>>> print(open('my_file-v8.cif').read())   # mmCIF, N, CA and C atoms and all ligand atoms
data_work
#
loop_
_atom_site.label_atom_id
_atom_site.label_comp_id
_atom_site.auth_asym_id
_atom_site.auth_seq_id
_atom_site.Cartn_x
_atom_site.Cartn_y
_atom_site.Cartn_z
N MET A 9 -1.00 3.04 -3.40
CA MET A 9 -1.80 2.27 -4.35
C MET A 9 -1.01 1.08 -4.87
N ASN A 10 -1.56 -0.09 -4.63
CA ASN A 10 -0.86 -1.31 -5.05
C ASN A 10 -1.74 -2.15 -5.96
N CYS A 11 -1.09 -3.02 -6.74
CA CYS A 11 -1.82 -3.91 -7.64
C CYS A 11 -2.67 -4.88 -6.81
N LEU A 12 -3.94 -5.03 -7.18
CA LEU A 12 -4.84 -5.90 -6.43
C LEU A 12 -4.49 -7.38 -6.62
N GLU A 13 -3.70 -7.66 -7.63
CA GLU A 13 -3.35 -9.04 -7.96
C GLU A 13 -2.04 -9.43 -7.28
N CYS A 14 -1.00 -8.61 -7.42
CA CYS A 14 0.34 -9.01 -6.94
C CYS A 14 0.88 -8.06 -5.87
N ASN A 15 0.09 -7.03 -5.52
CA ASN A 15 0.46 -6.10 -4.46
C ASN A 15 1.66 -5.21 -4.80
N LYS A 16 2.07 -5.22 -6.07
CA LYS A 16 3.17 -4.36 -6.49
C LYS A 16 2.73 -2.89 -6.42
N GLU A 17 3.63 -2.03 -6.00
CA GLU A 17 3.29 -0.61 -5.90
C GLU A 17 3.10 -0.02 -7.29
N LEU A 18 2.09 0.83 -7.45
CA LEU A 18 1.77 1.37 -8.76
C LEU A 18 2.27 2.79 -8.92
N GLY A 19 2.83 3.07 -10.08
CA GLY A 19 3.17 4.45 -10.41
C GLY A 19 1.92 5.19 -10.84
N TYR A 20 2.03 6.50 -10.97
CA TYR A 20 0.88 7.31 -11.33
C TYR A 20 0.24 6.86 -12.64
N LEU A 21 1.08 6.63 -13.67
CA LEU A 21 0.56 6.29 -15.00
C LEU A 21 -0.11 4.94 -15.02
N ASP A 22 0.54 3.94 -14.40
CA ASP A 22 -0.05 2.60 -14.32
C ASP A 22 -1.42 2.66 -13.65
N HIS A 23 -1.45 3.41 -12.56
CA HIS A 23 -2.69 3.53 -11.80
C HIS A 23 -3.78 4.18 -12.64
N LYS A 24 -3.43 5.28 -13.30
CA LYS A 24 -4.40 6.02 -14.11
C LYS A 24 -4.90 5.16 -15.27
N ASN A 25 -3.96 4.50 -15.94
CA ASN A 25 -4.30 3.62 -17.06
C ASN A 25 -5.31 2.56 -16.67
N ALA A 26 -5.00 1.87 -15.58
CA ALA A 26 -5.84 0.76 -15.14
C ALA A 26 -7.19 1.26 -14.66
N MET A 27 -7.20 2.36 -13.91
CA MET A 27 -8.46 2.89 -13.38
C MET A 27 -9.36 3.39 -14.51
N ASP A 28 -8.75 4.06 -15.49
CA ASP A 28 -9.54 4.61 -16.60
C ASP A 28 -10.11 3.51 -17.49
N THR A 29 -9.38 2.41 -17.63
CA THR A 29 -9.81 1.37 -18.58
C THR A 29 -10.62 0.26 -17.93
N VAL A 30 -10.15 -0.28 -16.81
CA VAL A 30 -10.89 -1.40 -16.20
C VAL A 30 -11.50 -1.06 -14.84
N GLY A 31 -11.14 0.10 -14.30
CA GLY A 31 -11.78 0.55 -13.06
C GLY A 31 -11.27 -0.11 -11.79
N VAL A 32 -10.15 -0.81 -11.89
CA VAL A 32 -9.53 -1.37 -10.69
C VAL A 32 -8.02 -1.14 -10.75
N GLU A 33 -7.37 -1.18 -9.58
CA GLU A 33 -5.93 -0.91 -9.51
C GLU A 33 -5.13 -2.15 -9.88
N LEU A 34 -4.43 -2.06 -11.01
CA LEU A 34 -3.62 -3.20 -11.47
C LEU A 34 -2.28 -2.69 -12.00
N CYS A 35 -1.24 -3.49 -11.83
CA CYS A 35 0.07 -3.15 -12.38
C CYS A 35 0.03 -3.39 -13.90
N GLN A 36 1.05 -2.93 -14.58
CA GLN A 36 1.11 -3.04 -16.03
C GLN A 36 0.84 -4.48 -16.51
N GLN A 37 1.54 -5.43 -15.89
CA GLN A 37 1.44 -6.83 -16.30
C GLN A 37 0.02 -7.37 -16.13
N HIS A 38 -0.59 -7.13 -14.98
CA HIS A 38 -1.92 -7.65 -14.73
C HIS A 38 -3.00 -6.87 -15.48
N PHE A 39 -2.70 -5.60 -15.74
CA PHE A 39 -3.61 -4.78 -16.53
C PHE A 39 -3.71 -5.33 -17.96
N VAL A 40 -2.55 -5.66 -18.55
CA VAL A 40 -2.52 -6.20 -19.92
C VAL A 40 -3.26 -7.53 -19.97
N ARG A 41 -3.03 -8.37 -18.95
CA ARG A 41 -3.68 -9.68 -18.90
C ARG A 41 -5.20 -9.51 -18.81
N MET A 42 -5.63 -8.53 -17.98
CA MET A 42 -7.06 -8.29 -17.80
C MET A 42 -7.69 -7.76 -19.08
N LYS A 43 -6.96 -6.88 -19.79
CA LYS A 43 -7.50 -6.31 -21.02
C LYS A 43 -7.72 -7.41 -22.07
N LYS A 44 -6.80 -8.37 -22.08
CA LYS A 44 -6.91 -9.49 -23.01
C LYS A 44 -8.17 -10.31 -22.70
N LEU A 45 -8.37 -10.58 -21.43
CA LEU A 45 -9.53 -11.35 -20.99
C LEU A 45 -10.82 -10.65 -21.40
N ILE A 46 -10.86 -9.33 -21.20
CA ILE A 46 -12.04 -8.55 -21.55
C ILE A 46 -12.32 -8.63 -23.04
N GLN A 47 -11.25 -8.53 -23.84
CA GLN A 47 -11.41 -8.59 -25.29
C GLN A 47 -11.91 -9.95 -25.74
N GLN A 48 -11.40 -10.99 -25.10
CA GLN A 48 -11.77 -12.35 -25.47
C GLN A 48 -13.23 -12.67 -25.15
N HIS A 49 -13.68 -12.22 -23.99
CA HIS A 49 -14.98 -12.67 -23.49
C HIS A 49 -16.01 -11.56 -23.42
N GLU A 50 -15.64 -10.34 -23.79
CA GLU A 50 -16.54 -9.20 -23.60
C GLU A 50 -16.99 -9.12 -22.15
N THR A 51 -16.06 -9.30 -21.26
CA THR A 51 -16.35 -9.25 -19.82
C THR A 51 -16.79 -7.85 -19.42
N PRO A 52 -17.95 -7.73 -18.76
CA PRO A 52 -18.34 -6.40 -18.30
C PRO A 52 -17.39 -5.91 -17.20
N LEU A 53 -17.09 -4.62 -17.21
CA LEU A 53 -16.18 -4.06 -16.21
C LEU A 53 -16.69 -4.31 -14.79
N GLU A 54 -18.03 -4.32 -14.66
CA GLU A 54 -18.61 -4.54 -13.34
C GLU A 54 -18.27 -5.93 -12.81
N ALA A 55 -18.10 -6.90 -13.72
CA ALA A 55 -17.72 -8.25 -13.29
C ALA A 55 -16.34 -8.22 -12.66
N ILE A 56 -15.46 -7.42 -13.25
CA ILE A 56 -14.09 -7.32 -12.75
C ILE A 56 -14.08 -6.61 -11.40
N GLN A 57 -14.90 -5.55 -11.30
CA GLN A 57 -14.98 -4.84 -10.03
C GLN A 57 -15.54 -5.73 -8.93
N LEU A 58 -16.56 -6.52 -9.28
CA LEU A 58 -17.15 -7.42 -8.29
C LEU A 58 -16.15 -8.52 -7.91
N TYR A 59 -15.43 -9.02 -8.90
CA TYR A 59 -14.42 -10.06 -8.66
C TYR A 59 -13.42 -9.59 -7.60
N TYR A 60 -12.93 -8.36 -7.76
CA TYR A 60 -11.95 -7.85 -6.80
C TYR A 60 -12.60 -7.47 -5.47
N GLY A 61 -13.87 -7.07 -5.52
CA GLY A 61 -14.61 -6.81 -4.28
C GLY A 61 -14.73 -8.09 -3.46
N LEU A 62 -15.00 -9.19 -4.16
CA LEU A 62 -15.12 -10.48 -3.49
C LEU A 62 -13.76 -10.94 -2.95
N LYS A 63 -12.73 -10.72 -3.78
CA LYS A 63 -11.37 -11.11 -3.39
C LYS A 63 -10.97 -10.39 -2.10
N GLU A 64 -11.32 -9.10 -2.04
CA GLU A 64 -11.01 -8.31 -0.86
C GLU A 64 -11.72 -8.87 0.37
N ALA A 65 -12.90 -9.47 0.15
CA ALA A 65 -13.66 -10.04 1.26
C ALA A 65 -13.21 -11.48 1.54
N GLY A 66 -12.16 -11.91 0.86
CA GLY A 66 -11.60 -13.23 1.14
C GLY A 66 -12.23 -14.36 0.34
N VAL A 67 -13.00 -14.00 -0.71
CA VAL A 67 -13.65 -15.03 -1.52
C VAL A 67 -12.78 -15.39 -2.72
N ASN A 68 -12.58 -16.68 -2.88
CA ASN A 68 -11.78 -17.18 -3.99
C ASN A 68 -12.69 -17.46 -5.18
N ALA A 69 -12.80 -16.49 -6.09
CA ALA A 69 -13.70 -16.64 -7.24
C ALA A 69 -12.89 -16.77 -8.52
N MET A 70 -13.57 -17.14 -9.60
CA MET A 70 -12.90 -17.22 -10.90
C MET A 70 -13.63 -16.34 -11.90
N LEU A 71 -12.83 -15.63 -12.68
CA LEU A 71 -13.40 -14.77 -13.73
C LEU A 71 -13.48 -15.57 -15.02
N GLU A 72 -14.59 -15.40 -15.74
CA GLU A 72 -14.76 -16.07 -17.04
C GLU A 72 -14.45 -17.55 -16.95
N TRP A 73 -15.20 -18.23 -16.11
CA TRP A 73 -15.01 -19.66 -15.91
C TRP A 73 -15.83 -20.43 -16.97
N TRP A 74 -15.18 -21.36 -17.65
CA TRP A 74 -15.84 -22.15 -18.68
C TRP A 74 -16.56 -23.34 -18.02
N ASP A 75 -17.88 -23.36 -18.11
CA ASP A 75 -18.64 -24.42 -17.41
C ASP A 75 -18.93 -25.61 -18.32
N GLY A 76 -18.34 -25.63 -19.52
CA GLY A 76 -18.57 -26.74 -20.44
C GLY A 76 -19.49 -26.32 -21.58
N LYS A 77 -20.29 -25.29 -21.33
CA LYS A 77 -21.22 -24.81 -22.35
C LYS A 77 -21.00 -23.34 -22.67
N LYS A 78 -20.67 -22.61 -21.64
CA LYS A 78 -20.51 -21.16 -21.82
C LYS A 78 -19.55 -20.62 -20.78
N SER A 79 -19.13 -19.39 -21.00
CA SER A 79 -18.24 -18.74 -20.05
C SER A 79 -19.09 -17.98 -19.03
N VAL A 80 -18.88 -18.30 -17.77
CA VAL A 80 -19.61 -17.65 -16.69
C VAL A 80 -18.80 -16.45 -16.21
N ASP A 81 -19.46 -15.30 -16.02
CA ASP A 81 -18.74 -14.08 -15.62
C ASP A 81 -17.89 -14.34 -14.37
N ILE A 82 -18.54 -14.81 -13.31
CA ILE A 82 -17.82 -15.11 -12.07
C ILE A 82 -18.35 -16.44 -11.52
N ALA A 83 -17.47 -17.33 -11.15
CA ALA A 83 -17.89 -18.59 -10.55
C ALA A 83 -17.18 -18.75 -9.21
N ILE A 84 -17.95 -19.22 -8.22
CA ILE A 84 -17.38 -19.56 -6.92
C ILE A 84 -17.60 -21.05 -6.76
N SER A 85 -16.59 -21.83 -7.15
CA SER A 85 -16.80 -23.27 -7.33
C SER A 85 -17.01 -23.99 -6.00
N ARG A 86 -16.45 -23.45 -4.93
CA ARG A 86 -16.55 -24.15 -3.64
C ARG A 86 -18.01 -24.33 -3.22
N VAL A 87 -18.86 -23.36 -3.54
CA VAL A 87 -20.27 -23.48 -3.19
C VAL A 87 -21.13 -23.60 -4.45
N LYS A 88 -20.49 -23.86 -5.60
CA LYS A 88 -21.18 -24.04 -6.88
C LYS A 88 -22.12 -22.88 -7.18
N LEU A 89 -21.58 -21.69 -7.10
CA LEU A 89 -22.37 -20.49 -7.38
C LEU A 89 -21.82 -19.79 -8.62
N ASN A 90 -22.72 -19.56 -9.59
CA ASN A 90 -22.36 -18.78 -10.77
C ASN A 90 -22.99 -17.40 -10.67
N ILE A 91 -22.22 -16.39 -11.04
CA ILE A 91 -22.74 -15.04 -11.03
C ILE A 91 -22.62 -14.45 -12.43
N GLU A 92 -23.74 -14.02 -12.98
CA GLU A 92 -23.74 -13.36 -14.28
C GLU A 92 -24.10 -11.89 -14.08
N ILE A 93 -23.38 -11.03 -14.75
CA ILE A 93 -23.67 -9.60 -14.67
C ILE A 93 -24.56 -9.23 -15.86
N ASP A 94 -25.72 -8.67 -15.55
CA ASP A 94 -26.63 -8.23 -16.60
C ASP A 94 -26.31 -6.80 -16.98
N THR A 95 -25.90 -6.60 -18.23
CA THR A 95 -25.57 -5.24 -18.66
C THR A 95 -26.70 -4.64 -19.50
N LYS A 96 -27.62 -5.49 -19.96
CA LYS A 96 -28.70 -4.98 -20.81
C LYS A 96 -30.04 -5.21 -20.15
N TYR A 97 -30.05 -4.98 -18.84
CA TYR A 97 -31.20 -5.31 -18.03
C TYR A 97 -32.49 -4.67 -18.55
N HIS A 98 -32.40 -3.41 -18.93
CA HIS A 98 -33.60 -2.68 -19.31
C HIS A 98 -34.07 -3.04 -20.73
N MET A 99 -33.24 -3.83 -21.45
CA MET A 99 -33.64 -4.18 -22.81
C MET A 99 -33.92 -5.68 -22.94
N LEU A 100 -34.26 -6.31 -21.83
CA LEU A 100 -34.47 -7.75 -21.82
C LEU A 100 -35.63 -8.13 -22.74
N THR A 101 -35.33 -8.95 -23.76
CA THR A 101 -36.37 -9.42 -24.65
C THR A 101 -36.88 -10.77 -24.15
N HIS A 102 -37.99 -11.24 -24.70
CA HIS A 102 -38.48 -12.54 -24.24
C HIS A 102 -37.55 -13.67 -24.68
N GLU A 103 -36.85 -13.48 -25.83
CA GLU A 103 -35.88 -14.50 -26.25
C GLU A 103 -34.74 -14.60 -25.24
N GLN A 104 -34.26 -13.43 -24.82
CA GLN A 104 -33.17 -13.41 -23.84
C GLN A 104 -33.64 -14.03 -22.52
N ALA A 105 -34.87 -13.70 -22.15
CA ALA A 105 -35.40 -14.20 -20.88
C ALA A 105 -35.50 -15.72 -20.88
N ILE A 106 -35.96 -16.29 -22.00
CA ILE A 106 -36.10 -17.76 -22.03
C ILE A 106 -34.72 -18.40 -22.11
N ASN A 107 -33.77 -17.75 -22.78
CA ASN A 107 -32.38 -18.25 -22.78
C ASN A 107 -31.80 -18.26 -21.38
N ASP A 108 -32.03 -17.19 -20.65
CA ASP A 108 -31.53 -17.10 -19.27
C ASP A 108 -32.11 -18.21 -18.42
N LEU A 109 -33.42 -18.42 -18.59
CA LEU A 109 -34.09 -19.45 -17.79
C LEU A 109 -33.54 -20.83 -18.13
N GLU A 110 -33.30 -21.07 -19.42
CA GLU A 110 -32.76 -22.35 -19.85
C GLU A 110 -31.35 -22.57 -19.29
N GLU A 111 -30.56 -21.51 -19.34
CA GLU A 111 -29.20 -21.59 -18.78
C GLU A 111 -29.26 -21.88 -17.28
N ALA A 112 -30.21 -21.24 -16.61
CA ALA A 112 -30.36 -21.46 -15.17
C ALA A 112 -30.73 -22.92 -14.92
N MET A 113 -31.59 -23.47 -15.76
CA MET A 113 -32.00 -24.87 -15.61
C MET A 113 -30.79 -25.79 -15.75
N HIS A 114 -29.96 -25.54 -16.78
CA HIS A 114 -28.79 -26.39 -16.99
C HIS A 114 -27.84 -26.33 -15.79
N SER A 115 -27.65 -25.11 -15.26
CA SER A 115 -26.74 -25.03 -14.11
C SER A 115 -27.32 -25.75 -12.90
N PHE A 116 -28.63 -25.62 -12.69
CA PHE A 116 -29.24 -26.30 -11.54
C PHE A 116 -29.06 -27.81 -11.66
N LYS A 117 -29.22 -28.30 -12.90
CA LYS A 117 -29.06 -29.75 -13.12
C LYS A 117 -27.65 -30.20 -12.77
N ASN A 118 -26.68 -29.30 -12.96
CA ASN A 118 -25.29 -29.63 -12.62
C ASN A 118 -24.97 -29.28 -11.16
N GLY A 119 -26.01 -28.91 -10.41
CA GLY A 119 -25.79 -28.60 -9.01
C GLY A 119 -25.32 -27.18 -8.76
N PHE A 120 -25.38 -26.34 -9.80
CA PHE A 120 -24.94 -24.96 -9.65
C PHE A 120 -26.13 -24.02 -9.50
N THR A 121 -25.95 -23.02 -8.71
CA THR A 121 -26.94 -21.96 -8.58
C THR A 121 -26.44 -20.76 -9.38
N THR A 122 -27.32 -20.16 -10.16
CA THR A 122 -26.93 -18.97 -10.91
C THR A 122 -27.69 -17.76 -10.40
N ILE A 123 -26.98 -16.70 -10.08
CA ILE A 123 -27.68 -15.46 -9.79
C ILE A 123 -27.26 -14.42 -10.82
N ARG A 124 -28.19 -13.57 -11.18
CA ARG A 124 -27.93 -12.51 -12.15
C ARG A 124 -27.98 -11.18 -11.42
N ILE A 125 -26.95 -10.38 -11.62
CA ILE A 125 -26.87 -9.11 -10.93
C ILE A 125 -26.82 -7.98 -11.96
N PRO A 126 -27.76 -7.04 -11.88
CA PRO A 126 -27.71 -5.90 -12.81
C PRO A 126 -26.45 -5.08 -12.57
N HIS A 127 -25.80 -4.66 -13.64
CA HIS A 127 -24.51 -3.99 -13.50
C HIS A 127 -24.59 -2.71 -12.68
N VAL A 128 -25.75 -2.04 -12.70
CA VAL A 128 -25.88 -0.78 -11.95
C VAL A 128 -25.75 -1.00 -10.45
N LEU A 129 -26.09 -2.21 -10.01
CA LEU A 129 -25.99 -2.54 -8.60
C LEU A 129 -24.54 -2.49 -8.14
N ILE A 130 -23.65 -3.01 -8.98
CA ILE A 130 -22.23 -3.05 -8.63
C ILE A 130 -21.66 -1.64 -8.64
N LYS A 131 -22.16 -0.85 -9.56
CA LYS A 131 -21.70 0.53 -9.67
C LYS A 131 -22.06 1.32 -8.41
N HIS A 132 -23.27 1.09 -7.89
CA HIS A 132 -23.75 1.92 -6.80
C HIS A 132 -23.70 1.24 -5.43
N TYR A 133 -23.75 -0.09 -5.42
CA TYR A 133 -23.82 -0.80 -4.13
C TYR A 133 -22.85 -1.96 -4.07
N LEU A 134 -21.59 -1.72 -4.42
CA LEU A 134 -20.62 -2.82 -4.46
C LEU A 134 -20.50 -3.52 -3.11
N LYS A 135 -20.39 -2.73 -2.04
CA LYS A 135 -20.19 -3.32 -0.71
C LYS A 135 -21.38 -4.18 -0.31
N GLU A 136 -22.57 -3.64 -0.55
CA GLU A 136 -23.79 -4.37 -0.19
C GLU A 136 -23.93 -5.63 -1.05
N THR A 137 -23.55 -5.52 -2.34
CA THR A 137 -23.63 -6.67 -3.23
C THR A 137 -22.71 -7.78 -2.73
N VAL A 138 -21.48 -7.42 -2.38
CA VAL A 138 -20.53 -8.41 -1.86
C VAL A 138 -21.09 -9.03 -0.58
N HIS A 139 -21.63 -8.18 0.29
CA HIS A 139 -22.20 -8.65 1.55
C HIS A 139 -23.29 -9.70 1.31
N ASN A 140 -24.16 -9.40 0.35
CA ASN A 140 -25.26 -10.33 0.06
C ASN A 140 -24.75 -11.63 -0.57
N ILE A 141 -23.74 -11.53 -1.40
CA ILE A 141 -23.17 -12.75 -1.99
C ILE A 141 -22.55 -13.62 -0.89
N LEU A 142 -21.91 -12.97 0.09
CA LEU A 142 -21.36 -13.73 1.22
C LEU A 142 -22.48 -14.49 1.93
N GLY A 143 -23.64 -13.84 2.09
CA GLY A 143 -24.78 -14.48 2.72
C GLY A 143 -25.31 -15.64 1.90
N ILE A 144 -25.35 -15.46 0.59
CA ILE A 144 -25.79 -16.53 -0.31
C ILE A 144 -24.84 -17.72 -0.20
N MET A 145 -23.53 -17.43 -0.16
CA MET A 145 -22.54 -18.50 -0.03
C MET A 145 -22.73 -19.28 1.27
N GLU A 146 -23.04 -18.54 2.34
CA GLU A 146 -23.27 -19.18 3.63
C GLU A 146 -24.46 -20.14 3.54
N GLY A 147 -25.53 -19.66 2.89
CA GLY A 147 -26.72 -20.49 2.72
C GLY A 147 -26.42 -21.72 1.89
N LEU A 148 -25.67 -21.54 0.82
CA LEU A 148 -25.34 -22.67 -0.05
C LEU A 148 -24.47 -23.69 0.69
N ARG A 149 -23.54 -23.17 1.47
CA ARG A 149 -22.65 -24.06 2.22
C ARG A 149 -23.46 -24.90 3.20
N ALA A 150 -24.44 -24.28 3.86
CA ALA A 150 -25.29 -25.00 4.81
C ALA A 150 -26.06 -26.09 4.09
N ASN A 151 -26.55 -25.77 2.88
CA ASN A 151 -27.31 -26.77 2.11
C ASN A 151 -26.42 -27.93 1.67
N ILE A 152 -25.20 -27.63 1.30
CA ILE A 152 -24.28 -28.70 0.88
C ILE A 152 -24.03 -29.66 2.03
N LYS A 153 -23.90 -29.11 3.24
CA LYS A 153 -23.68 -29.95 4.43
C LYS A 153 -24.84 -30.90 4.66
N VAL A 154 -26.08 -30.40 4.47
CA VAL A 154 -27.28 -31.21 4.70
C VAL A 154 -27.29 -32.40 3.76
N ILE A 155 -26.93 -32.16 2.48
CA ILE A 155 -26.92 -33.24 1.49
C ILE A 155 -25.74 -34.15 1.81
ZN ZN A 201 0.17 -6.99 -10.53
#
>>> encode(input="my_file-v8.cif", output="structure tokens", more="lines below")
Ligand SMILES: [Zn+2]
Amino acid sequence: MNCLECNKELGYLDHKNAMDTVGVELCQQHFVRMKKLIQQHETPLEAIQLYYGLKEAGVNAMLEWWDGKKSVDIAISRVKLNIEIDTKYHMLTHEQAINDLEEAMHSFKNGFTTIRIPHVLIKHYLKETVHNILGIMEGLRANIKVI
């Protein structure tokens, strides 16, 4: 078991600590850094799991990327794709829905595509979710070439 960030070998305690708290394998140093990020932005754990799932698939993404207006859970700037993890999917109010739509409009105006992924999807279908994001990236890349 090695740190997903620096590949340092993990001891039992480091591994247990990181897995129990953030759900991914991280060394002490990267675990502390990740915990700070989570506290600052209320980052859903699923965003972190997806981030590392994408990294494993060779995707260079950014966690908690500041787009000028808000912090985006995951951004893949090369294809201008923003990914937001929905943690309160089943409690979506109409105020939240119109806010989401407005945010989507602003990102589109800036040339960004926003997709929202329910957190349960990452919990149960991480591999498939990563696979589909790779497909979305391919589509976006093709569109960028056309323009
Ligand atoms: Zn590390």
>>> residues_near_ligand(input="my_file-v8.cif", ligand="ligand ZN 201 (chain A)", cutoff="6.5 Å", atoms="only N, CA and C atoms and all ligand atoms", output="number ranges by chain")
A: 11-16, 34-39
>>> write_last_selection(input="my_file-v8.cif", atoms="N, CA and C atoms", output="PDB file, in the frame of the given file")
ATOM      1  N   CYS A  11      -1.090  -3.020  -6.740  1.00  0.00           N
ATOM      2  CA  CYS A  11      -1.820  -3.910  -7.640  1.00  0.00           C
ATOM      3  C   CYS A  11      -2.670  -4.880  -6.810  1.00  0.00           C
ATOM      4  N   LEU A  12      -3.940  -5.030  -7.180  1.00  0.00           N
ATOM      5  CA  LEU A  12      -4.840  -5.900  -6.430  1.00  0.00           C
ATOM      6  C   LEU A  12      -4.490  -7.380  -6.620  1.00  0.00           C
ATOM      7  N   GLU A  13      -3.700  -7.660  -7.630  1.00  0.00           N
ATOM      8  CA  GLU A  13      -3.350  -9.040  -7.960  1.00  0.00           C
ATOM      9  C   GLU A  13      -2.040  -9.430  -7.280  1.00  0.00           C
ATOM     10  N   CYS A  14      -1.000  -8.610  -7.420  1.00  0.00           N
ATOM     11  CA  CYS A  14       0.340  -9.010  -6.940  1.00  0.00           C
ATOM     12  C   CYS A  14       0.880  -8.060  -5.870  1.00  0.00           C
ATOM     13  N   ASN A  15       0.090  -7.030  -5.520  1.00  0.00           N
ATOM     14  CA  ASN A  15       0.460  -6.100  -4.460  1.00  0.00           C
ATOM     15  C   ASN A  15       1.660  -5.210  -4.800  1.00  0.00           C
ATOM     16  N   LYS A  16       2.070  -5.220  -6.070  1.00  0.00           N
ATOM     17  CA  LYS A  16       3.170  -4.360  -6.490  1.00  0.00           C
ATOM     18  C   LYS A  16       2.730  -2.890  -6.420  1.00  0.00           C
ATOM     19  N   LEU A  34      -4.430  -2.060 -11.010  1.00  0.00           N
ATOM     20  CA  LEU A  34      -3.620  -3.200 -11.470  1.00  0.00           C
ATOM     21  C   LEU A  34      -2.280  -2.690 -12.000  1.00  0.00           C
ATOM     22  N   CYS A  35      -1.240  -3.490 -11.830  1.00  0.00           N
ATOM     23  CA  CYS A  35       0.070  -3.150 -12.380  1.00  0.00           C
ATOM     24  C   CYS A  35       0.030  -3.390 -13.900  1.00  0.00           C
ATOM     25  N   GLN A  36       1.050  -2.930 -14.580  1.00  0.00           N
ATOM     26  CA  GLN A  36       1.110  -3.040 -16.030  1.00  0.00           C
ATOM     27  C   GLN A  36       0.840  -4.480 -16.510  1.00  0.00           C
ATOM     28  N   GLN A  37       1.540  -5.430 -15.890  1.00  0.00           N
ATOM     29  CA  GLN A  37       1.440  -6.830 -16.300  1.00  0.00           C
ATOM     30  C   GLN A  37       0.020  -7.370 -16.130  1.00  0.00           C
ATOM     31  N   HIS A  38      -0.590  -7.130 -14.980  1.00  0.00           N
ATOM     32  CA  HIS A  38      -1.920  -7.650 -14.730  1.00  0.00           C
ATOM     33  C   HIS A  38      -3.000  -6.870 -15.480  1.00  0.00           C
ATOM     34  N   PHE A  39      -2.700  -5.600 -15.740  1.00  0.00           N
ATOM     35  CA  PHE A  39      -3.610  -4.780 -16.530  1.00  0.00           C
ATOM     36  C   PHE A  39      -3.710  -5.330 -17.960  1.00  0.00           C
TER      37      PHE A  39
END
>>> select_by_dssp(input="my_file-v8.cif", residues="chain A", states="alpha helix (DSSP H)", output="ChimeraX atom specification")
/A:20-29,36-49,53-64,102-117,127-154
>>> residues_near_point(input="my_file-v8.cif", point="(-20.5, -25.4, -22.6)", cutoff="12 Å", atoms="only C-alpha atoms", output="list of chain:residue names")
A:Trp73, A:Trp74, A:Asp75, A:Gly76, A:Lys77, A:Lys78, A:Ser79, A:Val80, A:Glu111, A:His114, A:Ser115, A:Asn118
>>> atom_distance(input="my_file-v8.cif", atom1="atom N of Arg124 in chain A", atom2="atom C of Asp94 in chain A")
9.1 Å
>>> atom_distance(input="my_file-v8.cif", atom1="CA of Pro52 in chain A", atom2="CA of Met9 in chain A")
23.3 Å
